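**Q** Provided herewith: upload_24.cif, mmCIF, C-alpha atoms.
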```
data_entry
#
loop_
_atom_site.label_atom_id
_atom_site.label_comp_id
_atom_site.auth_asym_id
_atom_site.auth_seq_id
_atom_site.Cartn_x
_atom_site.Cartn_y
_atom_site.Cartn_z
CA MET A 11 -36.54 -124.36 36.61
CA GLN A 12 -35.72 -126.86 39.36
CA ILE A 13 -34.21 -124.12 41.50
CA ARG A 14 -37.31 -121.95 41.09
CA ALA A 15 -39.61 -124.88 41.89
CA GLY A 16 -37.59 -125.68 44.98
CA SER A 17 -37.72 -122.04 46.05
CA TRP A 18 -41.51 -121.88 45.65
CA THR A 19 -41.88 -125.17 47.54
CA HIS A 20 -39.77 -123.83 50.38
CA LYS A 21 -41.76 -120.58 50.51
CA LEU A 22 -45.04 -122.49 50.54
CA SER A 23 -43.97 -124.88 53.30
CA SER A 24 -42.75 -121.96 55.43
CA MET A 25 -46.25 -120.42 55.47
CA SER A 26 -48.74 -121.10 58.24
CA VAL A 27 -51.41 -123.72 57.63
CA PHE A 28 -54.05 -121.00 57.34
CA ARG A 29 -52.09 -119.11 54.67
CA GLN A 30 -51.36 -122.29 52.72
CA VAL A 31 -55.05 -123.26 52.76
CA THR A 32 -56.12 -119.73 51.83
CA LEU A 33 -53.70 -119.68 48.89
CA MET A 34 -54.97 -123.06 47.73
CA ILE A 35 -58.58 -121.93 48.03
CA CYS A 36 -57.92 -118.69 46.12
CA VAL A 37 -56.33 -120.64 43.29
CA ALA A 38 -59.27 -123.06 43.29
CA VAL A 39 -61.82 -120.24 43.30
CA VAL A 40 -60.12 -118.35 40.46
CA GLY A 41 -59.80 -121.54 38.46
CA ALA A 42 -63.41 -122.53 39.01
CA ASP A 43 -64.67 -119.04 38.18
CA LEU A 44 -62.60 -118.80 35.01
CA LEU A 45 -63.74 -122.21 33.90
CA THR A 46 -67.38 -121.29 34.59
CA ALA A 47 -66.99 -117.98 32.73
CA PHE A 48 -65.42 -119.79 29.78
CA PHE A 49 -68.33 -122.21 29.47
CA TYR A 50 -70.88 -119.39 29.74
CA TRP A 51 -69.01 -117.41 27.09
CA TYR A 52 -68.58 -120.37 24.77
CA PHE A 53 -72.10 -121.73 25.13
CA GLU A 54 -73.72 -118.32 25.78
CA PHE A 55 -75.45 -119.43 29.00
CA ASP A 56 -77.42 -117.01 31.21
CA ARG A 57 -77.19 -116.35 34.96
CA LEU A 58 -73.38 -116.02 34.85
CA PRO A 59 -72.97 -113.87 38.03
CA LEU A 60 -75.18 -116.19 40.10
CA ASP A 61 -73.39 -119.36 39.00
CA ILE A 62 -69.98 -117.80 39.62
CA LEU A 63 -71.13 -116.97 43.15
CA LEU A 64 -72.41 -120.51 43.65
CA THR A 65 -69.17 -121.99 42.32
CA THR A 66 -67.17 -119.82 44.71
CA ILE A 67 -69.29 -120.86 47.69
CA ILE A 68 -69.00 -124.54 46.81
CA VAL A 69 -65.22 -124.34 46.51
CA LEU A 70 -64.97 -122.54 49.85
CA ILE A 71 -67.19 -125.07 51.62
CA VAL A 72 -65.36 -128.08 50.21
CA GLY A 73 -61.86 -126.68 49.92
CA TYR A 74 -61.17 -125.38 53.42
CA PRO A 75 -61.82 -128.67 55.30
CA LEU A 76 -59.84 -130.64 52.75
CA GLY A 77 -57.06 -128.07 52.73
CA PHE A 78 -56.73 -128.01 56.50
CA PHE A 79 -56.69 -131.79 56.62
CA PHE A 80 -54.06 -132.42 53.95
CA ILE A 81 -51.80 -129.44 54.65
CA GLY A 82 -52.19 -130.01 58.40
CA GLN A 83 -50.95 -133.58 57.92
CA ASN A 84 -47.99 -132.25 55.95
CA VAL A 85 -47.11 -129.84 58.76
CA LYS A 86 -47.35 -132.63 61.34
CA LEU A 87 -45.06 -134.85 59.29
CA ARG A 88 -42.54 -132.02 58.95
CA GLU A 89 -42.63 -131.38 62.71
CA MET A 90 -42.19 -135.09 63.40
CA ALA A 91 -39.16 -135.19 61.08
CA LEU A 92 -37.60 -132.23 62.89
CA GLU A 93 -38.25 -133.84 66.26
CA LEU A 94 -36.74 -137.15 65.14
CA ASP A 95 -33.69 -135.29 63.86
CA ARG A 96 -33.36 -133.54 67.24
CA LEU A 97 -33.75 -136.78 69.18
CA SER A 98 -31.08 -138.46 67.05
CA LYS A 99 -28.57 -135.86 68.27
CA ILE A 100 -29.54 -135.59 71.94
CA ASP A 101 -29.07 -137.88 74.93
CA ASP A 102 -32.64 -138.22 76.17
CA LEU A 103 -31.68 -138.57 79.85
CA THR A 104 -29.53 -135.45 80.23
CA GLY A 105 -30.55 -133.26 77.30
CA LEU A 106 -26.91 -132.94 76.21
CA PHE A 107 -25.46 -134.03 72.87
CA ASN A 108 -24.96 -137.75 72.42
CA ARG A 109 -21.53 -139.17 71.67
CA ARG A 110 -21.88 -139.28 67.88
CA THR A 111 -23.12 -135.71 67.54
CA PHE A 112 -20.56 -134.36 70.02
CA PHE A 113 -17.64 -135.96 68.19
CA ALA A 114 -18.81 -134.58 64.85
CA GLU A 115 -19.33 -131.05 66.22
CA ALA A 116 -16.14 -131.13 68.29
CA ARG A 117 -13.96 -132.16 65.35
CA ARG A 118 -15.36 -129.27 63.31
CA LEU A 119 -14.92 -126.72 66.11
CA VAL A 120 -11.41 -127.86 67.00
CA ALA A 121 -10.37 -127.60 63.35
CA GLU A 122 -11.76 -124.04 63.25
CA GLN A 123 -10.06 -123.07 66.51
CA VAL A 124 -6.69 -124.41 65.41
CA ALA A 125 -6.99 -122.63 62.07
CA SER A 126 -7.87 -119.34 63.75
CA ARG A 127 -5.45 -119.87 66.65
CA ASP A 128 -8.37 -119.39 69.00
CA GLN A 129 -8.01 -120.76 72.51
CA GLY A 130 -10.00 -123.71 73.72
CA ALA A 131 -9.99 -126.67 76.07
CA ILE A 132 -11.66 -130.02 76.67
CA LEU A 133 -13.08 -131.18 79.99
CA PHE A 134 -13.46 -134.89 80.63
CA ILE A 135 -15.90 -135.48 83.50
CA ASP A 136 -16.65 -138.70 85.37
CA VAL A 137 -18.98 -139.31 88.34
CA ASP A 138 -17.04 -140.81 91.24
CA HIS A 139 -18.17 -144.23 92.49
CA PHE A 140 -21.27 -144.09 90.32
CA LYS A 141 -21.74 -147.86 90.50
CA SER A 142 -22.16 -147.55 94.25
CA VAL A 143 -24.96 -145.01 93.73
CA ASN A 144 -26.82 -147.45 91.50
CA ASP A 145 -26.16 -150.40 93.83
CA ASP A 146 -27.06 -148.61 97.07
CA PHE A 147 -29.95 -146.38 95.94
CA GLY A 148 -31.21 -147.91 92.70
CA HIS A 149 -30.95 -147.01 89.02
CA ALA A 150 -33.74 -144.44 89.26
CA THR A 151 -31.61 -142.45 91.70
CA GLY A 152 -28.59 -142.95 89.47
CA ASP A 153 -30.55 -141.53 86.54
CA ALA A 154 -31.57 -138.57 88.70
CA VAL A 155 -27.88 -137.89 89.41
CA LEU A 156 -27.05 -137.95 85.70
CA ARG A 157 -29.96 -135.63 84.87
CA GLU A 158 -28.84 -133.19 87.55
CA LEU A 159 -25.26 -133.30 86.30
CA GLY A 160 -26.49 -132.61 82.77
CA ALA A 161 -28.45 -129.58 84.03
CA ILE A 162 -25.42 -128.29 85.94
CA ILE A 163 -23.16 -128.62 82.91
CA ARG A 164 -25.66 -126.82 80.66
CA THR A 165 -26.01 -123.98 83.17
CA VAL A 166 -22.31 -123.55 83.84
CA VAL A 167 -21.02 -123.97 80.29
CA GLY A 168 -23.78 -121.96 78.60
CA GLU A 169 -22.57 -120.38 75.37
CA ALA A 170 -18.93 -121.06 76.18
CA GLY A 171 -18.94 -124.50 74.59
CA ILE A 172 -20.76 -127.71 73.76
CA ALA A 173 -21.30 -130.66 76.09
CA ALA A 174 -22.24 -134.32 75.78
CA ARG A 175 -22.84 -137.48 77.69
CA LEU A 176 -20.38 -139.89 76.15
CA GLY A 177 -21.90 -142.93 77.82
CA GLY A 178 -22.66 -144.19 81.30
CA GLU A 179 -21.40 -141.63 83.80
CA GLU A 180 -18.84 -140.04 81.45
CA PHE A 181 -19.31 -136.52 80.11
CA ALA A 182 -17.23 -134.20 77.94
CA VAL A 183 -17.22 -130.46 77.31
CA LEU A 184 -15.50 -128.59 74.50
CA LEU A 185 -14.84 -124.98 75.42
CA HIS A 186 -14.25 -122.63 72.50
CA GLY A 187 -12.46 -119.41 73.25
CA ALA A 188 -11.89 -120.46 76.86
CA ALA A 189 -8.66 -122.00 78.08
CA GLY A 190 -6.24 -121.70 81.00
CA ARG A 191 -7.77 -120.00 84.04
CA ARG A 192 -11.20 -119.65 82.40
CA ALA A 193 -11.37 -123.40 81.74
CA ASP A 194 -10.28 -124.06 85.34
CA GLU A 195 -13.07 -121.81 86.64
CA ILE A 196 -15.74 -123.56 84.57
CA ALA A 197 -14.53 -127.00 85.64
CA GLU A 198 -14.45 -125.97 89.28
CA ARG A 199 -17.99 -124.57 89.08
CA VAL A 200 -19.18 -127.90 87.68
CA ARG A 201 -17.39 -129.80 90.44
CA ARG A 202 -18.87 -127.61 93.20
CA GLY A 203 -22.34 -127.77 91.65
CA VAL A 204 -22.28 -131.57 91.65
CA ALA A 205 -21.00 -131.65 95.25
CA ASN A 206 -24.17 -129.80 96.26
CA CYS A 207 -26.64 -131.64 94.01
CA ALA A 208 -27.26 -134.52 96.46
CA ARG A 209 -29.37 -132.13 98.52
CA VAL A 210 -32.03 -131.92 95.82
CA ILE A 211 -32.16 -135.64 94.93
CA PRO A 212 -34.55 -137.66 97.11
CA GLY A 213 -32.72 -140.33 99.10
CA LEU A 214 -29.29 -138.77 98.70
CA GLU A 215 -29.64 -135.93 101.19
CA ARG A 216 -27.09 -137.48 103.56
CA SER A 217 -24.81 -138.85 100.86
CA ALA A 218 -22.10 -137.31 98.74
CA VAL A 219 -21.99 -137.16 94.95
CA THR A 220 -18.75 -135.94 93.40
CA VAL A 221 -17.06 -135.79 90.03
CA SER A 222 -13.47 -135.87 88.85
CA ILE A 223 -12.53 -133.65 85.93
CA GLY A 224 -9.54 -133.68 83.60
CA ILE A 225 -8.62 -130.67 81.45
CA ALA A 226 -6.55 -130.51 78.29
CA SER A 227 -5.90 -127.52 76.05
CA ILE A 228 -6.41 -127.53 72.30
CA ARG A 229 -3.04 -127.34 70.62
CA ALA A 230 -2.15 -126.12 67.17
CA GLY A 231 -1.38 -129.03 64.87
CA HIS A 232 -3.37 -131.53 66.98
CA ASP A 233 -6.86 -132.85 66.40
CA PHE A 234 -9.83 -133.34 68.71
CA GLU A 235 -9.00 -136.97 69.53
CA ASP A 236 -5.55 -135.93 70.73
CA ALA A 237 -7.00 -133.32 73.08
CA LEU A 238 -9.62 -135.76 74.36
CA LEU A 239 -6.94 -138.37 75.06
CA ARG A 240 -4.90 -135.86 77.07
CA ALA A 241 -8.02 -134.81 78.98
CA ASP A 242 -8.70 -138.48 79.72
CA ARG A 243 -5.19 -138.84 81.14
CA SER A 244 -5.78 -135.82 83.35
CA LEU A 245 -9.06 -137.39 84.49
CA TYR A 246 -7.23 -140.62 85.35
CA THR A 247 -4.79 -138.61 87.45
CA ALA A 248 -7.70 -136.93 89.25
CA LYS A 249 -9.17 -140.36 90.01
CA GLU A 250 -5.89 -141.81 91.22
CA SER A 251 -5.13 -138.82 93.44
CA GLY A 252 -8.30 -138.96 95.49
CA ARG A 253 -11.24 -137.99 93.22
CA ASP A 254 -13.53 -134.94 93.64
CA ARG A 255 -11.00 -132.65 92.02
CA VAL A 256 -9.98 -130.88 88.83
CA VAL A 257 -6.62 -131.74 87.26
CA ARG A 258 -5.04 -129.96 84.29
CA GLU A 259 -2.73 -131.80 81.94
CA ASP A 260 0.25 -129.75 83.13
CA GLU A 261 -0.43 -130.89 86.71
CA THR A 262 -0.27 -134.63 86.07
CA ALA A 263 3.44 -134.83 86.87
CA ALA A 264 2.91 -133.09 90.21
CA TYR A 265 0.23 -135.63 91.23
CA GLY A 266 2.36 -138.47 90.03
#
```
Would you write out, as structure tokens, the structure that this file holds?
**A**
Amino acid sequence: MQIRAGSWTHKLSSMSVFRQVTLMICVAVVGADLLTAFFYWYFEFDRLPLDILLTTIIVLIVGYPLGFFFIGQNVKLREMALELDRLSKIDDLTGLFNRRTFFAEARRLVAEQVASRDQGAILFIDVDHFKSVNDDFGHATGDAVLRELGAIIRTVVGEAGIAARLGGEEFAVLLHGAAGRRADEIAERVRRGVANCARVIPGLERSAVTVSIGIASIRAGHDFEDALLRADRSLYTAKESGRDRVVREDETAAYG
């Protein structure tokens, strides 16, 4: 019985407000009419058709405003709950996943990729000299840089993976089904996109904004944290070797 009740509740809540109100009104009308008919039958009253019509009109006049109010409030509360759930998963500045959501999704995806032997990679991205951007141009400009970087990452990565702002000027991307040369291409497109983004940010037209990116592949028998740590090491190598570049984990020895 609980399963059936839950199913009916779900079906009702999935209807539009108009359909929910109409259903409620129909039930009210039928109930009122049956009750009126019962009393007329039991007490043998006259004017049954007229009173049934009047009862129906009264229910319609009273029921629709009340129905729209109460069911409308229920719909608003449900929409607010969905929006709060979305906001709890998203970084509000960049529109990417936040750190907590990214780690949860990434762990799940990496476990699936390892189990299926699917290829994948992790990109660790950091804005070069970001403190100088905030100090020289203000935090509003710094926020504009982060928003633009978030838009670039979303555009470039698309359906190839998931992306997040981990905090500050640090970003991460998990690519599923894309490793090796494909991962290099995506990382390079992000790097080039950021190198050109200063042109569209007021106040930075004559300045340079760059990122350093480290890449690590997802290995069988290793978890997400292991891949992220190797990507972080690659990022450190990119920083130490001059910034504004992409470094794979197998290239760290060459830069060293």
**Q** Enumerate, as a VMD selection string, the protein, DNA and RNA residues whose atoms approach (-7.0, -131.7, 65.2) to within 10 Å, taking into account all atoms listed in the file and the coordinate frame of the file.
**A** chain A and resid 116 to 125 228 to 237
**Q** Here is a test: counting all atoms listed in the file, which residue of A:Gly187, A:Gly73, A:Gly213, A:Gly224 is nearest to Val200 (chain A)?
**A**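 Closest candidate: A:Gly224.
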**Q** Between A:Val167, A:Ala241, A:Val155, A:Ala248, which is the closest to Val219 (chain A) once you count all atoms listed in the file?
**A**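 So, comparing all the options, the nearest one is A:Val155.
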**Q** For Ala197 (chain A), which residue out of A:Glu215, A:Ala182, A:Gly252, A:Asn108 is the nearest one, using only C-alpha atoms?
**A**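 The answer is A:Ala182, which sits nearest to Ala197 (chain A).
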**Q** May I ask which of the residues A:Pro212, A:Gly160, A:Gly82, A:Pro75 is the closest one to Ile135 (chain A), counting all atoms listed in the file?
**A**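 Smallest distance to Ile135 (chain A) is found for A:Gly160.
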**Q** Within 12 Å of Ile196 (chain A), counting all atoms listed in the file, which residues qualify if same-chain residues fewer than 6 places away don't, as a ChimeraX atom specification?
**A** /A:131-133,135,162-171,183-185,188-190,202-203,223-225,256
**Q** With C-alpha atoms retained, export the selected residues as a PDB file, in the frame of the given file.
**A**
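See again-v3.pdb below for the written result:
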```pdb
ATOM      1  CA  ALA A 131      -9.990-126.670  76.070  1.00  0.00           C
ATOM      2  CA  ILE A 132     -11.660-130.020  76.670  1.00  0.00           C
ATOM      3  CA  LEU A 133     -13.080-131.180  79.990  1.00  0.00           C
ATOM      4  CA  ILE A 135     -15.900-135.480  83.500  1.00  0.00           C
ATOM      5  CA  ILE A 162     -25.420-128.290  85.940  1.00  0.00           C
ATOM      6  CA  ILE A 163     -23.160-128.620  82.910  1.00  0.00           C
ATOM      7  CA  ARG A 164     -25.660-126.820  80.660  1.00  0.00           C
ATOM      8  CA  THR A 165     -26.010-123.980  83.170  1.00  0.00           C
ATOM      9  CA  VAL A 166     -22.310-123.550  83.840  1.00  0.00           C
ATOM     10  CA  VAL A 167     -21.020-123.970  80.290  1.00  0.00           C
ATOM     11  CA  GLY A 168     -23.780-121.960  78.600  1.00  0.00           C
ATOM     12  CA  GLU A 169     -22.570-120.380  75.370  1.00  0.00           C
ATOM     13  CA  ALA A 170     -18.930-121.060  76.180  1.00  0.00           C
ATOM     14  CA  GLY A 171     -18.940-124.500  74.590  1.00  0.00           C
ATOM     15  CA  VAL A 183     -17.220-130.460  77.310  1.00  0.00           C
ATOM     16  CA  LEU A 184     -15.500-128.590  74.500  1.00  0.00           C
ATOM     17  CA  LEU A 185     -14.840-124.980  75.420  1.00  0.00           C
ATOM     18  CA  ALA A 188     -11.890-120.460  76.860  1.00  0.00           C
ATOM     19  CA  ALA A 189      -8.660-122.000  78.080  1.00  0.00           C
ATOM     20  CA  GLY A 190      -6.240-121.700  81.000  1.00  0.00           C
ATOM     21  CA  ARG A 202     -18.870-127.610  93.200  1.00  0.00           C
ATOM     22  CA  GLY A 203     -22.340-127.770  91.650  1.00  0.00           C
ATOM     23  CA  ILE A 223     -12.530-133.650  85.930  1.00  0.00           C
ATOM     24  CA  GLY A 224      -9.540-133.680  83.600  1.00  0.00           C
ATOM     25  CA  ILE A 225      -8.620-130.670  81.450  1.00  0.00           C
ATOM     26  CA  VAL A 256      -9.980-130.880  88.830  1.00  0.00           C
TER      27      VAL A 256
END
```
**Q** Need to verify the contact set: Asp153 (chain A), 9 Å, only C-alpha atoms, exclusion of same-chain residues closer than 6 positions in sequence. Can you return it as a list of chain:residue names?
**A**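 Residues meeting the cut-off are A:Leu103, A:Thr104, A:Asn144.
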**Q** Between CA of Ala38 (chain A) and CA of Gly77 (chain A), what is the distance, to one decimal in Å?
**A** 10.9 Å
**Q** Once the PyMOL selection byres ((chain A and resi 74) around 12) has been evaluated on this model, what residues remain selected, and can you format them as a list in words?
**A**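 Residues picked by the PyMOL selection byres ((chain A and resi 74) around 12): Val27, Phe28, Arg29, Gln30, Val31, Thr32, Leu33, Met34, Ile35, Cys36, Ala38, Val39, Thr66, Ile67, Ile68, Val69, Leu70, Ile71, Val72, Gly73, Pro75, Leu76, Gly77, Phe78, Phe79, Phe80, Ile81 and Gly82 of chain A.
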**Q** Could you tell me how far CA of Ala174 (chain A) sits from CA of Glu195 (chain A), in Å to one decimal place?
**A**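 Computing it gives 18.9 Å between the two atoms.
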**Q** With distances taken over only C-alpha atoms, which residue among A:Asn206, A:Gly178, A:Gly130, A:Val40 lies nearest Gly152 (chain A)?
**A**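 Checking each candidate against Gly152 (chain A), we get A:Gly178 as the closest.
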**Q** Near Ser217 (chain A), within 10 Å and counting all atoms listed in the file, which residues show up once chain neighbours fewer than 4 positions away are dropped, as a ChimeraX atom specification?
**A** /A:143,205,208-209,211,213
